[in-house]
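**Q** Data file data16.pdb (PDB, C-alpha atoms and all ligand atoms) is appended below.
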```
ATOM      1  CA  GLY A  17       3.786  23.086  -7.550
ATOM      2  CA  ALA A  18       3.478  22.310  -3.819
ATOM      3  CA  GLY A  19       7.263  22.127  -3.386
ATOM      4  CA  LEU A  20       7.402  18.687  -4.952
ATOM      5  CA  HIS A  21      10.725  17.208  -6.007
ATOM      6  CA  THR A  22       9.167  14.904  -8.559
ATOM      7  CA  LYS A  23       9.101  15.098 -12.360
ATOM      8  CA  LYS A  24       5.907  13.222 -12.974
ATOM      9  CA  LEU A  25       4.116  12.163  -9.805
ATOM     10  CA  GLY A  26       1.840  14.861  -8.526
ATOM     11  CA  GLN A  27       2.261  17.242 -11.450
ATOM     12  CA  THR A  28      -1.509  16.930 -11.670
ATOM     13  CA  ILE A  29      -3.078  16.937  -8.218
ATOM     14  CA  HIS A  30      -6.773  16.578  -7.564
ATOM     15  CA  TYR A  31      -7.455  17.677  -4.021
ATOM     16  CA  VAL A  32     -10.903  17.359  -2.506
ATOM     17  CA  GLU A  33     -11.958  18.141   1.041
ATOM     18  CA  SER A  34     -14.115  15.008   1.334
ATOM     19  CA  CYS A  35     -15.155  12.157  -0.940
ATOM     20  CA  PRO A  36     -16.427   8.574  -0.776
ATOM     21  CA  SER A  37     -13.095   7.142  -1.992
ATOM     22  CA  THR A  38     -10.086   8.553  -3.843
ATOM     23  CA  GLN A  39     -10.007   5.273  -5.802
ATOM     24  CA  ILE A  40     -13.372   6.102  -7.401
ATOM     25  CA  ILE A  41     -12.206   9.574  -8.436
ATOM     26  CA  ALA A  42      -8.908   8.209  -9.748
ATOM     27  CA  HIS A  43     -10.697   5.570 -11.833
ATOM     28  CA  GLN A  44     -12.921   8.269 -13.351
ATOM     29  CA  LEU A  45      -9.989  10.555 -14.113
ATOM     30  CA  ALA A  46      -8.064   7.662 -15.642
ATOM     31  CA  GLN A  47     -10.982   6.872 -17.922
ATOM     32  CA  GLU A  48     -11.096  10.513 -18.990
ATOM     33  CA  GLY A  49      -7.415  10.333 -19.952
ATOM     34  CA  THR A  50      -5.704  12.046 -17.027
ATOM     35  CA  PRO A  51      -1.886  12.019 -17.413
ATOM     36  CA  ASP A  52       0.503   9.444 -15.965
ATOM     37  CA  GLY A  53       1.391  10.423 -12.394
ATOM     38  CA  THR A  54      -1.894  12.137 -11.496
ATOM     39  CA  ILE A  55      -2.649  11.978  -7.805
ATOM     40  CA  VAL A  56      -5.898  12.328  -5.901
ATOM     41  CA  LEU A  57      -5.712  13.492  -2.293
ATOM     42  CA  THR A  58      -8.466  14.002   0.228
ATOM     43  CA  GLU A  59      -8.866  14.918   3.883
ATOM     44  CA  GLU A  60     -11.668  12.478   4.530
ATOM     45  CA  GLN A  61     -13.229   9.435   2.893
ATOM     46  CA  THR A  62     -16.764   8.384   3.689
ATOM     47  CA  ALA A  63     -16.473   5.005   1.937
ATOM     48  CA  GLY A  64     -12.744   4.249   1.908
ATOM     49  CA  ARG A  65     -12.167   0.699   0.738
ATOM     50  CA  GLY A  66      -9.712  -2.129   1.144
ATOM     51  CA  ARG A  67      -9.410  -5.411  -0.741
ATOM     52  CA  LEU A  68     -12.450  -7.648  -1.228
ATOM     53  CA  ALA A  69     -14.929  -4.840  -0.478
ATOM     54  CA  ARG A  70     -13.573  -4.325   3.027
ATOM     55  CA  LYS A  71     -13.782  -0.886   4.621
ATOM     56  CA  TRP A  72     -10.874   1.464   5.162
ATOM     57  CA  ASP A  73     -11.312   3.797   8.116
ATOM     58  CA  SER A  74     -10.282   7.300   6.986
ATOM     59  CA  ALA A  75     -10.594   9.819   9.811
ATOM     60  CA  ALA A  76     -10.850  13.466   8.750
ATOM     61  CA  LYS A  77      -7.525  15.341   8.509
ATOM     62  CA  LYS A  78      -5.616  12.586  10.307
ATOM     63  CA  GLY A  79      -4.106  10.570   7.520
ATOM     64  CA  ILE A  80      -2.874  10.454   3.952
ATOM     65  CA  TRP A  81      -5.713   9.145   1.802
ATOM     66  CA  MET A  82      -4.320   9.102  -1.702
ATOM     67  CA  SER A  83      -4.626   7.414  -5.078
ATOM     68  CA  VAL A  84      -1.988   7.513  -7.797
ATOM     69  CA  VAL A  85      -2.737   6.980 -11.476
ATOM     70  CA  LEU A  86       0.126   5.380 -13.387
ATOM     71  CA  ARG A  87       0.221   4.491 -17.050
ATOM     72  CA  PRO A  88       3.226   2.188 -17.245
ATOM     73  CA  ASP A  89       4.103   0.383 -20.436
ATOM     74  CA  VAL A  90       4.131  -3.077 -18.837
ATOM     75  CA  VAL A  91       2.211  -6.307 -19.346
ATOM     76  CA  PRO A  92      -0.735  -6.963 -16.960
ATOM     77  CA  GLN A  93       1.216  -9.780 -15.233
ATOM     78  CA  LYS A  94       3.531  -7.091 -13.877
ATOM     79  CA  ALA A  95       0.728  -5.180 -12.163
ATOM     80  CA  PRO A  96       0.479  -6.935  -8.755
ATOM     81  CA  GLN A  97       4.118  -6.144  -7.964
ATOM     82  CA  PHE A  98       3.253  -2.429  -7.905
ATOM     83  CA  THR A  99       1.740  -3.076  -4.478
ATOM     84  CA  LEU A 100       5.122  -4.360  -3.280
ATOM     85  CA  VAL A 101       6.980  -1.498  -4.931
ATOM     86  CA  ALA A 102       4.632   1.041  -3.320
ATOM     87  CA  ALA A 103       5.182  -0.673   0.044
ATOM     88  CA  VAL A 104       8.930  -0.081  -0.225
ATOM     89  CA  ALA A 105       8.285   3.594  -1.042
ATOM     90  CA  VAL A 106       5.956   3.971   1.962
ATOM     91  CA  VAL A 107       8.459   2.385   4.338
ATOM     92  CA  ARG A 108      11.269   4.619   3.082
ATOM     93  CA  ALA A 109       9.116   7.738   3.457
ATOM     94  CA  ILE A 110       8.021   6.824   6.995
ATOM     95  CA  GLU A 111      11.637   6.103   8.000
ATOM     96  CA  GLU A 112      12.893   9.345   6.502
ATOM     97  CA  VAL A 113      10.270  11.604   8.065
ATOM     98  CA  THR A 114       9.786   9.952  11.482
ATOM     99  CA  GLY A 115      12.777   7.691  12.168
ATOM    100  CA  LEU A 116      10.345   4.843  12.922
ATOM    101  CA  LYS A 117      11.182   1.321  11.711
ATOM    102  CA  PRO A 118       8.183  -0.011   9.771
ATOM    103  CA  GLU A 119       7.944  -3.526   8.373
ATOM    104  CA  ILE A 120       6.116  -4.870   5.335
ATOM    105  CA  LYS A 121       3.628  -7.689   5.758
ATOM    106  CA  TRP A 122       3.036  -9.359   2.407
ATOM    107  CA  PRO A 123       1.348  -8.256   0.296
ATOM    108  CA  ASN A 124      -0.038  -4.856   1.206
ATOM    109  CA  ASP A 125       0.339  -3.915   4.872
ATOM    110  CA  ILE A 126       2.892  -1.703   6.561
ATOM    111  CA  LEU A 127       3.208  -2.580  10.221
ATOM    112  CA  ILE A 128       4.830  -0.742  13.077
ATOM    113  CA  LYS A 129       5.451  -2.905  16.131
ATOM    114  CA  GLY A 130       3.091  -5.476  14.657
ATOM    115  CA  LYS A 131       0.168  -3.098  14.080
ATOM    116  CA  LYS A 132      -1.150  -1.856  10.768
ATOM    117  CA  SER A 133      -0.203   1.717   9.894
ATOM    118  CA  THR A 134      -0.790   1.592   6.151
ATOM    119  CA  GLY A 135      -2.762  -0.367   3.587
ATOM    120  CA  ILE A 136      -2.172  -0.406  -0.160
ATOM    121  CA  LEU A 137      -4.712  -1.275  -2.846
ATOM    122  CA  THR A 138      -3.638  -1.651  -6.479
ATOM    123  CA  GLU A 139      -6.419  -1.751  -9.067
ATOM    124  CA  LEU A 140      -6.207  -2.128 -12.811
ATOM    125  CA  GLN A 141      -7.914  -0.597 -15.819
ATOM    126  CA  SER A 142      -7.132  -2.796 -18.784
ATOM    127  CA  ASP A 143      -8.491  -3.739 -22.201
ATOM    128  CA  ALA A 144      -7.414  -5.837 -25.182
ATOM    129  CA  ASP A 145      -4.466  -3.432 -25.725
ATOM    130  CA  GLY A 146      -3.152  -4.071 -22.205
ATOM    131  CA  ILE A 147      -2.967  -1.878 -19.117
ATOM    132  CA  GLN A 148      -4.693   1.477 -19.535
ATOM    133  CA  ALA A 149      -4.030   2.611 -16.022
ATOM    134  CA  LEU A 150      -2.987   1.394 -12.611
ATOM    135  CA  ILE A 151      -4.678   2.977  -9.644
ATOM    136  CA  ILE A 152      -2.545   2.653  -6.528
ATOM    137  CA  GLY A 153      -4.414   3.590  -3.358
ATOM    138  CA  ILE A 154      -2.448   4.327  -0.211
ATOM    139  CA  GLY A 155      -4.046   4.810   3.182
ATOM    140  CA  LEU A 156      -1.512   5.925   5.780
ATOM    141  CA  ASN A 157      -2.539   6.581   9.383
ATOM    142  CA  VAL A 158      -0.625   9.673  10.472
ATOM    143  CA  ASN A 159      -2.039  11.677  13.366
ATOM    144  CA  GLN A 160      -4.811   9.558  14.838
ATOM    145  CA  SER A 161      -4.814   8.834  18.514
ATOM    146  CA  LEU A 162      -6.054   5.390  19.497
ATOM    147  CA  GLN A 163      -9.555   6.720  20.269
ATOM    148  CA  ASP A 164      -9.837   8.060  16.713
ATOM    149  CA  PHE A 165     -10.045   4.467  15.464
ATOM    150  CA  PRO A 166     -13.286   2.511  15.678
ATOM    151  CA  GLU A 167     -13.200   0.079  18.576
ATOM    152  CA  GLU A 168     -12.766  -3.021  16.412
ATOM    153  CA  LEU A 169      -9.519  -1.586  15.000
ATOM    154  CA  GLN A 170      -7.953  -0.432  18.250
ATOM    155  CA  ASP A 171      -6.016  -3.672  18.800
ATOM    156  CA  ILE A 172      -4.757  -4.012  15.242
ATOM    157  CA  ALA A 173      -4.256  -0.457  13.907
ATOM    158  CA  THR A 174      -1.741   2.250  14.721
ATOM    159  CA  SER A 175      -0.645   5.665  13.463
ATOM    160  CA  LEU A 176       2.711   7.372  13.111
ATOM    161  CA  SER A 177       1.911   9.771  15.936
ATOM    162  CA  ILE A 178       0.914   6.942  18.290
ATOM    163  CA  GLU A 179       4.238   5.233  17.574
ATOM    164  CA  SER A 180       6.494   8.305  17.565
ATOM    165  CA  GLY A 181       4.771  10.230  20.353
ATOM    166  CA  LYS A 182       4.435  13.392  18.242
ATOM    167  CA  LEU A 183       2.312  14.873  15.498
ATOM    168  CA  VAL A 184       3.732  14.352  12.022
ATOM    169  CA  ASN A 185       3.606  16.964   9.249
ATOM    170  CA  ARG A 186       1.414  15.401   6.579
ATOM    171  CA  GLN A 187       2.656  17.692   3.786
ATOM    172  CA  GLU A 188       6.241  16.715   4.419
ATOM    173  CA  LEU A 189       5.201  13.077   4.419
ATOM    174  CA  VAL A 190       3.280  13.372   1.123
ATOM    175  CA  ARG A 191       6.311  14.995  -0.505
ATOM    176  CA  ALA A 192       8.626  12.238   0.740
ATOM    177  CA  LEU A 193       6.141   9.578  -0.314
ATOM    178  CA  LEU A 194       5.799  10.938  -3.854
ATOM    179  CA  SER A 195       9.581  11.196  -4.259
ATOM    180  CA  HIS A 196      10.103   7.601  -3.191
ATOM    181  CA  LEU A 197       7.158   6.356  -5.234
ATOM    182  CA  GLU A 198       8.563   7.999  -8.346
ATOM    183  CA  ILE A 199      12.027   6.546  -7.794
ATOM    184  CA  TYR A 200      10.873   2.993  -7.077
ATOM    185  CA  THR A 201       8.097   2.748  -9.655
ATOM    186  CA  ASP A 202      10.502   4.045 -12.335
ATOM    187  CA  LEU A 203      13.149   1.560 -11.190
ATOM    188  CA  TYR A 204      10.601  -1.246 -11.412
ATOM    189  CA  ILE A 205       9.315  -0.222 -14.841
ATOM    190  CA  GLU A 206      12.853   0.190 -16.229
ATOM    191  CA  THR A 207      14.732  -2.712 -14.629
ATOM    192  CA  GLY A 208      12.187  -5.112 -13.138
ATOM    193  CA  PHE A 209      11.838  -6.394  -9.610
ATOM    194  CA  GLY A 210      15.371  -7.719  -8.955
ATOM    195  CA  MET A 211      16.872  -4.850  -6.928
ATOM    196  CA  LEU A 212      13.548  -4.024  -5.341
ATOM    197  CA  LYS A 213      13.081  -7.608  -4.203
ATOM    198  CA  ILE A 214      16.230  -7.355  -2.096
ATOM    199  CA  LEU A 215      15.039  -4.083  -0.593
ATOM    200  CA  TRP A 216      11.533  -5.469  -0.071
ATOM    201  CA  GLU A 217      12.860  -8.562   1.708
ATOM    202  CA  SER A 218      15.011  -6.429   3.996
ATOM    203  CA  TYR A 219      11.842  -4.742   5.282
ATOM    204  CA  SER A 220       9.690  -7.837   5.393
ATOM    205  CA  SER A 221       8.123  -9.112   8.600
ATOM    206  CA  THR A 222       6.865 -12.195   6.764
ATOM    207  CA  ILE A 223       9.907 -13.888   5.269
ATOM    208  CA  GLY A 224      11.504 -16.639   7.332
ATOM    209  CA  LYS A 225       8.494 -16.881   9.654
ATOM    210  CA  THR A 226       5.838 -19.511  10.065
ATOM    211  CA  VAL A 227       2.617 -17.987   8.814
ATOM    212  CA  ARG A 228      -0.970 -18.893   8.111
ATOM    213  CA  ALA A 229      -2.197 -17.868   4.652
ATOM    214  CA  ARG A 230      -5.962 -17.532   4.394
ATOM    215  CA  MET A 231      -7.156 -17.757   0.814
ATOM    216  CA  ALA A 232     -10.640 -17.785  -0.682
ATOM    217  CA  LYS A 233     -10.890 -21.575  -0.698
ATOM    218  CA  GLU A 234      -8.264 -22.856   1.708
ATOM    219  CA  THR A 235      -5.891 -21.965   4.505
ATOM    220  CA  LEU A 236      -2.272 -23.100   4.482
ATOM    221  CA  THR A 237       0.286 -22.937   7.271
ATOM    222  CA  GLY A 238       3.993 -23.037   6.555
ATOM    223  CA  ILE A 239       7.255 -21.156   6.417
ATOM    224  CA  ALA A 240       7.277 -18.098   4.155
ATOM    225  CA  GLU A 241      10.546 -18.736   2.311
ATOM    226  CA  GLY A 242      10.546 -15.709   0.052
ATOM    227  CA  ILE A 243       8.862 -14.017  -2.855
ATOM    228  CA  THR A 244       9.462 -14.614  -6.543
ATOM    229  CA  GLU A 245      10.299 -11.982  -9.141
ATOM    230  CA  ASP A 246       6.559 -11.853  -9.777
ATOM    231  CA  GLY A 247       5.774 -11.033  -6.165
ATOM    232  CA  VAL A 248       4.350 -14.471  -5.461
ATOM    233  CA  LEU A 249       4.819 -15.644  -1.859
ATOM    234  CA  GLN A 250       6.602 -19.000  -1.545
ATOM    235  CA  LEU A 251       5.160 -21.008   1.312
ATOM    236  CA  ARG A 252       6.720 -24.335   2.438
ATOM    237  CA  THR A 253       4.209 -26.542   4.238
ATOM    238  CA  ALA A 254       5.144 -29.262   6.748
ATOM    239  CA  ASP A 255       4.897 -31.964   4.041
ATOM    240  CA  GLY A 256       7.807 -30.255   2.270
ATOM    241  CA  LYS A 257       5.732 -28.911  -0.608
ATOM    242  CA  LEU A 258       6.354 -25.396  -1.887
ATOM    243  CA  HIS A 259       3.184 -23.405  -2.636
ATOM    244  CA  GLY A 260       2.993 -20.209  -4.680
ATOM    245  CA  ILE A 261       0.534 -17.833  -3.000
ATOM    246  CA  TYR A 262      -0.855 -15.122  -5.287
ATOM    247  CA  SER A 263      -3.336 -13.514  -2.947
ATOM    248  CA  ALA A 264      -4.112 -14.124   0.723
ATOM    249  CA  ASP A 265      -4.365 -12.669   4.187
ATOM    250  CA  ILE A 266      -1.354 -13.566   6.267
ATOM    251  CA  GLU A 267      -1.311 -14.167   9.987
ATOM    252  CA  MET A 268       1.807 -14.726  12.002
ATOM    253  CA  THR A 269       1.786 -17.829  14.171
ATOM    254  CA  ASN A 270       3.882 -18.102  17.285
TER
HETATM  255  C1  LIG B 301      -6.041  -2.500   2.573
HETATM  256  O1  LIG B 301      -7.008  -3.455   2.382
HETATM  257  O2  LIG B 301      -5.256  -2.487   3.484
HETATM  258  C2  LIG B 301      -6.018  -1.394   1.502
HETATM  259  C3  LIG B 301      -6.418  -0.050   2.057
HETATM  260  C4  LIG B 301      -6.298   1.046   1.016
HETATM  261  C5  LIG B 301      -6.856   2.348   1.506
HETATM  262  C6  LIG B 301      -6.596   3.477   0.534
HETATM  263  S1  LIG B 301      -6.983   5.040   1.205
HETATM  264  C7  LIG B 301      -6.845   5.796  -0.330
HETATM  265  C8  LIG B 301      -7.495   4.830  -1.319
HETATM  266  N1  LIG B 301      -8.936   5.066  -1.384
HETATM  267  C9  LIG B 301      -9.623   4.004  -0.944
HETATM  268  O3  LIG B 301     -10.868   3.935  -0.886
HETATM  269  N2  LIG B 301      -8.758   3.016  -0.576
HETATM  270  C10 LIG B 301      -7.380   3.405  -0.781
HETATM  271  P1  LIG B 301      -7.099  -4.825   3.201
HETATM  272  O4  LIG B 301      -5.782  -5.540   3.173
HETATM  273  O5  LIG B 301      -8.287  -5.519   2.652
HETATM  274  O6  LIG B 301      -7.347  -4.380   4.687
HETATM  275  C11 LIG B 301      -8.588  -3.901   5.143
HETATM  276  C12 LIG B 301      -8.664  -4.179   6.638
HETATM  277  O7  LIG B 301      -7.767  -3.311   7.351
HETATM  278  C13 LIG B 301     -10.036  -3.898   7.231
HETATM  279  O8  LIG B 301     -10.872  -5.010   7.096
HETATM  280  C14 LIG B 301      -9.699  -3.592   8.686
HETATM  281  O9  LIG B 301      -9.497  -4.777   9.432
HETATM  282  C15 LIG B 301      -8.340  -2.916   8.593
HETATM  283  N3  LIG B 301      -8.440  -1.437   8.593
HETATM  284  C16 LIG B 301      -9.435  -0.648   8.129
HETATM  285  N4  LIG B 301      -9.128   0.639   8.250
HETATM  286  C17 LIG B 301      -7.894   0.692   8.825
HETATM  287  C18 LIG B 301      -7.032   1.743   9.222
HETATM  288  N5  LIG B 301      -7.318   3.037   9.027
HETATM  289  N6  LIG B 301      -5.849   1.406   9.783
HETATM  290  C19 LIG B 301      -5.493   0.112   9.969
HETATM  291  N7  LIG B 301      -6.268  -0.920   9.621
HETATM  292  C20 LIG B 301      -7.463  -0.642   9.055
END
```
Before anything else, please render the file you have as structure tokens.
Ligand code: BT5
**A**
Amino acid sequence: GAGLHTKKLGQTIHYVESCPSTQIIAHQLAQEGTPDGTIVLTEEQTAGRGRLARKWDSAAKKGIWMSVVLRPDVVPQKAPQFTLVAAVAVVRAIEEVTGLKPEIKWPNDILIKGKKSTGILTELQSDADGIQALIIGIGLNVNQSLQDFPEELQDIATSLSIESGKLVNRQELVRALLSHLEIYTDLYIETGFGMLKILWESYSSTIGKTVRARMAKETLTGIAEGITEDGVLQLRTADGKLHGIYSADIEMTN
């Protein structure tokens, strides 16, 4: 339905006008056995979330607030890379529909001219048998004007309409996003991260730059040399040591 060009993604769509978070609904559906490729879409979230219990601002009818349930036959160590794979799909969809040139900031941000347009949140349902479901949340700012964002986000957030100067058709964007997500997640599941890593690096705003990586217990500054096949960021500090960064917030330094 819905004019989708996908075989699997979005064959089951749960659409709700408003909800606390599409992630919560997707987790519930996954537990109840919803099929691989189920998506949850809403117009408005009242408790949209980011990583580490941060908030995700989700203005009514202005964005794409979506969660995708996947049931890939992969080992749990291959789960974090789905964030990177989804990032490639988001960038391709934005490019195709708007002509804008987004960049990926490791691990889960899509920036346009240095400001955050999209955040991705990959969560896992697993047990002793392995991954039961992956819940990939995508929050994409589409038609907000700057005043639609809370004040504390106005310097760091942007939307596609702010950057392109026109309103963007959200349905068209969802269709493009699902097509690209299906292609790239299938490619990842079937062949691994090799090809996608090249694509990911071509869109990266992080690689080759000096960055500050804030982690739970320490902060490291160095040159982001690349990512590994496992999606781990390789950071070279001034003492010449190479650090593998699994999870952090990255800031560019000038
Ligand atoms: C993320 O977390 O960027 C992941 C966001 C995932 C949101 C989607 S929407 C559909 C699904 N349902 C949910 O409840 N969540 C997912 P993180 O890297 O932790 O970034 C969070 C930070 O981004 C916040 O602390 C703010 O600084 C900033 N932020 C919040 N809302 C934003 C927005 N709309 N646009 C840009 N930046 C925002």
**Q** If the PyMOL selection byres (((chain A and resi 109) around 12) and not hetatm) is run on the structure shown, which residues does it catch, given as an MDAnalysis selection string?
**A** chainID A and resid 102:108 110:118 126 134 156 176 186:200
**Q** Using only C-alpha atoms and all ligand atoms, pick whichever of A:Thr226, A:Asn159, A:Ser180, A:Thr174 has the shortest atom-to-atom distance to ligand LIG 301 (chain B).
**A**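 When distances to ligand LIG 301 (chain B) are compared using only C-alpha atoms and all ligand atoms, the smallest one comes from A:Thr174.
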**Q** Expanded to explicit residues, what is the PyMOL selection byres (((chain A and resi 223) around 8) and not hetatm) for this file, as an MDAnalysis selection string?
**A** chainID A and resid 217 220:222 224:225 239:242
**Q** Please produce an output containing C-alpha atoms for each residue in the selection, written as a PDB file, keeping the file's coordinate frame.
**A**
```
ATOM      1  CA  GLU A 217      12.860  -8.562   1.708  1.00  0.00           C
ATOM      2  CA  SER A 220       9.690  -7.837   5.393  1.00  0.00           C
ATOM      3  CA  SER A 221       8.123  -9.112   8.600  1.00  0.00           C
ATOM      4  CA  THR A 222       6.865 -12.195   6.764  1.00  0.00           C
ATOM      5  CA  GLY A 224      11.504 -16.639   7.332  1.00  0.00           C
ATOM      6  CA  LYS A 225       8.494 -16.881   9.654  1.00  0.00           C
ATOM      7  CA  ILE A 239       7.255 -21.156   6.417  1.00  0.00           C
ATOM      8  CA  ALA A 240       7.277 -18.098   4.155  1.00  0.00           C
ATOM      9  CA  GLU A 241      10.546 -18.736   2.311  1.00  0.00           C
ATOM     10  CA  GLY A 242      10.546 -15.709   0.052  1.00  0.00           C
TER      11      GLY A 242
END
```
**Q** Using Å and a single decimal, report how far CA of Met82 (chain A) sits from CA of Lys132 (chain A).
**A**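 Calculated distance between CA of Lys132 (chain A) and CA of Met82 (chain A) is 16.9 Å.
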**Q** Find the spatial neighbours of Glu59 (chain A), counting all atoms listed in the file, within a cut-off of 7 Å - ignore same-chain residues fewer than 6 positions away - and output them as a PyMOL selection string.
**A** chain A and resi 33-34+76-77+81
**Q** What are the centre and the three edge lengths of an axis-aligned box that wraps all atoms of ligand LIG 301 (chain B) in the file, given that 3 Å is added to every side, written as lines of an AutoDock Vina configuration file and rounded to one decimal in Å?
**A**
```
center_x = -8.1
center_y = 0.1
center_z = 4.3
size_x = 11.6
size_y = 17.3
size_z = 17.4
```
**Q** Around ligand LIG 301 (chain B), at most 8 Å away and counting only C-alpha atoms and all ligand atoms, which residues are there? Put them as a PyMOL selection string, please.
**A** chain A and resi 36-40+61+63-75+80-83+124-125+131-137+152-157+165+168-169+172-175+265
**Q** Please return as a ChimeraX atom specification every residue within 12 Å of (-9.0, 11.0, -13.7), taking into account all atoms listed in the file and the file's own coordinates.
**A** /A:28-31,38-56,83-87,141,148-151
**Q** Kindly export the residues of the current selection with C-alpha atoms, as a PDB file, in the coordinates of the input.
**A**
```
ATOM      1  CA  THR A  28      -1.509  16.930 -11.670  1.00  0.00           C
ATOM      2  CA  ILE A  29      -3.078  16.937  -8.218  1.00  0.00           C
ATOM      3  CA  HIS A  30      -6.773  16.578  -7.564  1.00  0.00           C
ATOM      4  CA  TYR A  31      -7.455  17.677  -4.021  1.00  0.00           C
ATOM      5  CA  THR A  38     -10.086   8.553  -3.843  1.00  0.00           C
ATOM      6  CA  GLN A  39     -10.007   5.273  -5.802  1.00  0.00           C
ATOM      7  CA  ILE A  40     -13.372   6.102  -7.401  1.00  0.00           C
ATOM      8  CA  ILE A  41     -12.206   9.574  -8.436  1.00  0.00           C
ATOM      9  CA  ALA A  42      -8.908   8.209  -9.748  1.00  0.00           C
ATOM     10  CA  HIS A  43     -10.697   5.570 -11.833  1.00  0.00           C
ATOM     11  CA  GLN A  44     -12.921   8.269 -13.351  1.00  0.00           C
ATOM     12  CA  LEU A  45      -9.989  10.555 -14.113  1.00  0.00           C
ATOM     13  CA  ALA A  46      -8.064   7.662 -15.642  1.00  0.00           C
ATOM     14  CA  GLN A  47     -10.982   6.872 -17.922  1.00  0.00           C
ATOM     15  CA  GLU A  48     -11.096  10.513 -18.990  1.00  0.00           C
ATOM     16  CA  GLY A  49      -7.415  10.333 -19.952  1.00  0.00           C
ATOM     17  CA  THR A  50      -5.704  12.046 -17.027  1.00  0.00           C
ATOM     18  CA  PRO A  51      -1.886  12.019 -17.413  1.00  0.00           C
ATOM     19  CA  ASP A  52       0.503   9.444 -15.965  1.00  0.00           C
ATOM     20  CA  GLY A  53       1.391  10.423 -12.394  1.00  0.00           C
ATOM     21  CA  THR A  54      -1.894  12.137 -11.496  1.00  0.00           C
ATOM     22  CA  ILE A  55      -2.649  11.978  -7.805  1.00  0.00           C
ATOM     23  CA  VAL A  56      -5.898  12.328  -5.901  1.00  0.00           C
ATOM     24  CA  SER A  83      -4.626   7.414  -5.078  1.00  0.00           C
ATOM     25  CA  VAL A  84      -1.988   7.513  -7.797  1.00  0.00           C
ATOM     26  CA  VAL A  85      -2.737   6.980 -11.476  1.00  0.00           C
ATOM     27  CA  LEU A  86       0.126   5.380 -13.387  1.00  0.00           C
ATOM     28  CA  ARG A  87       0.221   4.491 -17.050  1.00  0.00           C
ATOM     29  CA  GLN A 141      -7.914  -0.597 -15.819  1.00  0.00           C
ATOM     30  CA  GLN A 148      -4.693   1.477 -19.535  1.00  0.00           C
ATOM     31  CA  ALA A 149      -4.030   2.611 -16.022  1.00  0.00           C
ATOM     32  CA  LEU A 150      -2.987   1.394 -12.611  1.00  0.00           C
ATOM     33  CA  ILE A 151      -4.678   2.977  -9.644  1.00  0.00           C
TER      34      ILE A 151
END
```
**Q** Check what the PyMOL selection byres (((chain A and resi 227) around 6) and not hetatm) selects in the file above and give those residues as a tab-separated table (two decimals) with C-alpha atoms, in the frame of the given file.
**A**
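Contents of part02.tsv, as written:
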```
chain	number	residue	atom	x	y	z
A	226	THR	CA	5.84	-19.51	10.06
A	228	ARG	CA	-0.97	-18.89	8.11
A	237	THR	CA	0.29	-22.94	7.27
A	238	GLY	CA	3.99	-23.04	6.56
A	267	GLU	CA	-1.31	-14.17	9.99
A	268	MET	CA	1.81	-14.73	12.00
A	269	THR	CA	1.79	-17.83	14.17
```
**Q** By how many Å are CA of Glu60 (chain A) and CA of Thr99 (chain A) apart?
**A**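 Taking CA of Glu60 (chain A) as the start and CA of Thr99 (chain A) as the end point, the length is 22.4 Å.
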**Q** Here is a test: counting all atoms listed in the file, which residue of A:Glu179, A:Gly19, A:Gln97, A:His259 is nearest to Pro123 (chain A)?
**A**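 Using all atoms listed in the file, the shortest distance to Pro123 (chain A) belongs to A:Gln97.
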**Q** Report the distance between CA of Gln160 (chain A) and CA of Gly130 (chain A) in Å, rounded to one decimal place.
**A**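 Taking CA of Gln160 (chain A) as the start and CA of Gly130 (chain A) as the end point, the length is 17.0 Å.
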**Q** Nearest to Gln250 (chain A): which of A:Phe209, A:Tyr219, A:Tyr204, A:Trp122 is it, counting all atoms listed in the file?
**A**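 Answer, going by the shortest atom-to-atom distance: A:Trp122.
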**Q** Please determine, counting all atoms listed in the file, which residue among A:Ile178, A:Leu140, A:Leu215, A:Ile243 has the shortest atom-to-atom distance to Gln93 (chain A).
**A**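 Once distances to Gln93 (chain A) are computed over all atoms listed in the file, the minimum belongs to A:Leu140.
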**Q** So, counting all atoms listed in the file, which residue among A:Thr201, A:Asp255, A:Lys121, A:Lys129 is closest to Asp171 (chain A)?
**A**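 Checking each of A:Thr201, A:Asp255, A:Lys121, A:Lys129 against Asp171 (chain A), counting all atoms listed in the file, the winner is A:Lys129.
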**Q** Between A:Leu20, A:Ile128, A:Val158, A:Ile205, which residue has the minimum interatomic distance to Val101 (chain A), considering only C-alpha atoms?
**A**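 Closest to Val101 (chain A), using only C-alpha atoms: A:Ile205.
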**Q** Because the input lacks atoms here, generate N, CA and C atoms for region 87-92 of chain A and report them as an mmCIF file, keeping the file's coordinate frame.
**A**
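As written to disk, out_38.cif reads:
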```cif
data_model
loop_
_atom_site.group_PDB
_atom_site.id
_atom_site.type_symbol
_atom_site.label_atom_id
_atom_site.label_comp_id
_atom_site.auth_asym_id
_atom_site.auth_seq_id
_atom_site.Cartn_x
_atom_site.Cartn_y
_atom_site.Cartn_z
ATOM 1 N N ARG A 87 0.472 5.086 -15.741
ATOM 2 C CA ARG A 87 0.221 4.491 -17.050
ATOM 3 C C ARG A 87 1.510 3.848 -17.568
ATOM 4 N N PRO A 88 1.953 2.811 -16.870
ATOM 5 C CA PRO A 88 3.226 2.188 -17.245
ATOM 6 C C PRO A 88 3.057 1.313 -18.482
ATOM 7 N N ASP A 89 4.121 1.225 -19.255
ATOM 8 C CA ASP A 89 4.103 0.383 -20.436
ATOM 9 C C ASP A 89 4.593 -1.014 -20.041
ATOM 10 N N VAL A 90 3.768 -1.718 -19.271
ATOM 11 C CA VAL A 90 4.131 -3.077 -18.837
ATOM 12 C C VAL A 90 2.958 -4.026 -19.084
ATOM 13 N N VAL A 91 3.269 -5.311 -19.140
ATOM 14 C CA VAL A 91 2.211 -6.307 -19.346
ATOM 15 C C VAL A 91 1.411 -6.470 -18.040
ATOM 16 N N PRO A 92 0.120 -6.863 -18.153
ATOM 17 C CA PRO A 92 -0.735 -6.963 -16.960
ATOM 18 C C PRO A 92 -0.170 -7.872 -15.857
#
```
